[in-house]
Amino acid sequence: MKKAFPIAMVLALLSSPGLYAQAVHRDIRTPQYRQLQERLSSGWNTWYNNSVAASVLLPEAFSINLCFSRPGSEDYLNQILKASESAKRPETVKLGLRSDDGYYTSLQLRYKGEDFTIETATDGNDELILVTPAKAARNYLVVEAGILWGRSGAIIVGKNTLTANFAGTSSGRSITVHSTVAPVADAYVVTTAPHLSFSLRQEIGLYTGRPRTLAVIKALIGQHRAEQQARQDRYGNLAESFKAMQTILAWNTMYDAANQRIITPVSRLWNKGWGGFVLFDWDTYFASYMCSLFNKDLAMANAIEITKAITPGGFIPNYQSPFRQTSWDRSQPPIGSTVILNIYKRYPEKWFLNEVYEELLRWNRWWPENRDIGGYLCWGSQPAVDSLPAIEAHNLQAAKYESGLDNSPMYDSVPFDSSTNTMQLADVGLMSIYIADCNALTEIAEILGKTADAAELRKRASAYTQTLGSLWDDKAGIFLNLRLDTRQKSYRLSPTNFYPMLAKVCSQAQAERMIKEHYYNPDEFYGEYVMPSIARNDPAFKDNDYWRGRIWGPMNFLVYLGMRNYDLADA
């Protein structure tokens, strides 16, 4: 007999204002962006955040979740994630080669001392899955079928199949999961989901749609693997760098059901810890820039979504996550316009600029209104309403979080002024990034024909250019942060001291001095690996903790963009 597991539509809950308390407000303006998200939110992929071994079909939300159990034990692995050893998870995962769109994925799993390779590929509307044990294994593979996120449908368990029936929905499809080997009886498996269990003493192929043999599945997966490898190989001696960037971004891309969107947060583990997803400000802009090198839709989606996270106060928050968990007190470095202009120049579609322009302009105006002390810009934190959950607020640590450099030695012992809501430090990095934001947004305003806005932005850029220029120290040969409480210069150097090149504020001669005397100085920033987050001769460099000595991509990237504004080809 067949057992039916109906998934009911909970209409009463759908109409309840509390169901999607995890949804966030977004002011979407253009039909082009709605169409872009519809394109992204379709087909088979690893859309479900909580397991990299779940193949999910959108828009139906049908999930084929691969789980592992050990007969005779109640241990059951039904959520598979990449984590460090400190997380003490039972599984070890090595994420492998994959496409962005689910055309091909691969990973290696170690569980209870046994090793497995999991590969997937799409074939038209069908999904193919290959599970290969390194040797005959004691673990069982449990294939759970489900319909995620409260979507409508029914699961039927047959003798050797799992079928999802979407009759009565917009798709009206029926999808059956088959296997290349017969399932085994396992009455004690610890799951209440519709499922089939398999012995892992041999390779197992799973597939939807027309009948396929194991050989056919392996051949097609091998073909997709080769195509994806060829995509990497086109980058020559940069192939491994591209692979590291592209695969991690693709593995982190997930479906946010409450907001019906595809996004690329920094980590699936972080999403779990933050209640479903978390978007960090400049992290997401950097992700969108990286995506622009190989996937236009993902690039635009991520840039738009973090920009739409703007708060009623007028700033893009340090972080946004569900259930109103947002940094209501602070922002993060204003790189949005710079990144979005770069994406636009690669994909010149004016609707993209129209979608984000108003938010970018509000954010640009927010900085001088809230972070200007005597003509200098300083990192800060507003008082937060008690009813709004936030991590730190209205103190020095919150202001450090706004800088994006959470524990940088540059801010050790700098006082926080609660009357101005800022650190008492004129920050070279912030002013440089802000001027670059003004310049990029000016160009965007001119593209959109907003001449009055462009004039306003040029005026602000000019004022802060003059102020930033005053922080040049001719004896030191570099721009220095200034303590506003003591009027003393800070000689603690980080890559942010080079950011005036990004703002095009320094002269060619000043740029050459910074490069010669500091960048190429092995006691400060030069070496086999560049550039550390604090100078090598700073006492905090040896801490090798987060922004105290470690090397970070964002800092190097912004210095690199600055170098390109000058005749510094060797550097």
# chains A, B, ... in the order shown; residues from 1 in each chain; ligands from 1
$ residues_around --residues "region 488-504 of chain A" --least-positions-apart "6" --cutoff "8 Å" --atoms "only C-alpha atoms" --output "PyMOL selection string"
chain A and resi 409-410+428-429+432-436+439+468+478-482+511+514+531-535+538+555-556+558-559+561-563+565-566
$ select_by_dssp --residues "region 363-444 of chain A" --states "alpha helix (DSSP H)" --output "ChimeraX atom specification"
/A:363-371,396-403,428-444
$ closest_residue --among "A:Trp251, A:Tyr103, A:Trp44, A:Tyr33" --to "Ala226 (chain A)" --atoms "only C-alpha atoms"
A:Tyr103
$ residues_around --residues "Asn302 (chain A)" --least-positions-apart "4" --cutoff "9 Å" --atoms "only C-alpha atoms" --output "ChimeraX atom specification"
/A:262-265,284-285,287-288,291,297-298,306-307
$ atom_distance --atom1 "CA of Tyr140 (chain A)" --atom2 "CA of Ala61 (chain A)"
25.2 Å
$ residues_around --residues "Arg483 (chain A)" --least-positions-apart "5" --cutoff "12 Å" --atoms "only C-alpha atoms" --output "PyMOL selection string"
chain A and resi 373+376-378+410-416+422-428+471+488-492
$ residues_around --residues "Leu162 (chain A)" --least-positions-apart "6" --cutoff "12 Å" --atoms "only C-alpha atoms" --output "ChimeraX atom specification"
/A:2-5,62-65,142-146,154-156,174-179,183,193-197,206-209
$ atom_distance --atom1 "CA of Lys350 (chain A)" --atom2 "CA of Thr30 (chain A)"
10.7 Å
$ residues_around --residues "region 308-312 of chain A" --least-positions-apart "2" --cutoff "9 Å" --atoms "only C-alpha atoms" --output "MDAnalysis selection string"
chainID A and resid 24:28 279 281 303:306 314:317 319:320 326 328 356 359:360 362:363
$ select_by_dssp --residues "region 209-276 of chain A" --states "strand (DSSP E)" --output "ChimeraX atom specification"
/A:254-256,261-263
$ atom_distance --atom1 "CA of Gln22 (chain A)" --atom2 "CA of Ser51 (chain A)"
20.1 Å
$ residues_around --residues "Gly168 (chain A)" --least-positions-apart "5" --cutoff "10 Å" --atoms "only C-alpha atoms" --output "list of chain:residue names"
A:Ser152, A:Gly153, A:Arg173
$ write_last_selection --atoms "C-alpha atoms" --output "mmCIF file, in the first residue's frame"
data_model
loop_
_atom_site.group_PDB
_atom_site.id
_atom_site.type_symbol
_atom_site.label_atom_id
_atom_site.label_comp_id
_atom_site.auth_asym_id
_atom_site.auth_seq_id
_atom_site.Cartn_x
_atom_site.Cartn_y
_atom_site.Cartn_z
ATOM 1 C CA SER A 152 1.310 23.414 -0.958
ATOM 2 C CA GLY A 153 1.625 19.820 -2.168
ATOM 3 C CA ARG A 173 3.508 18.965 -11.633
#
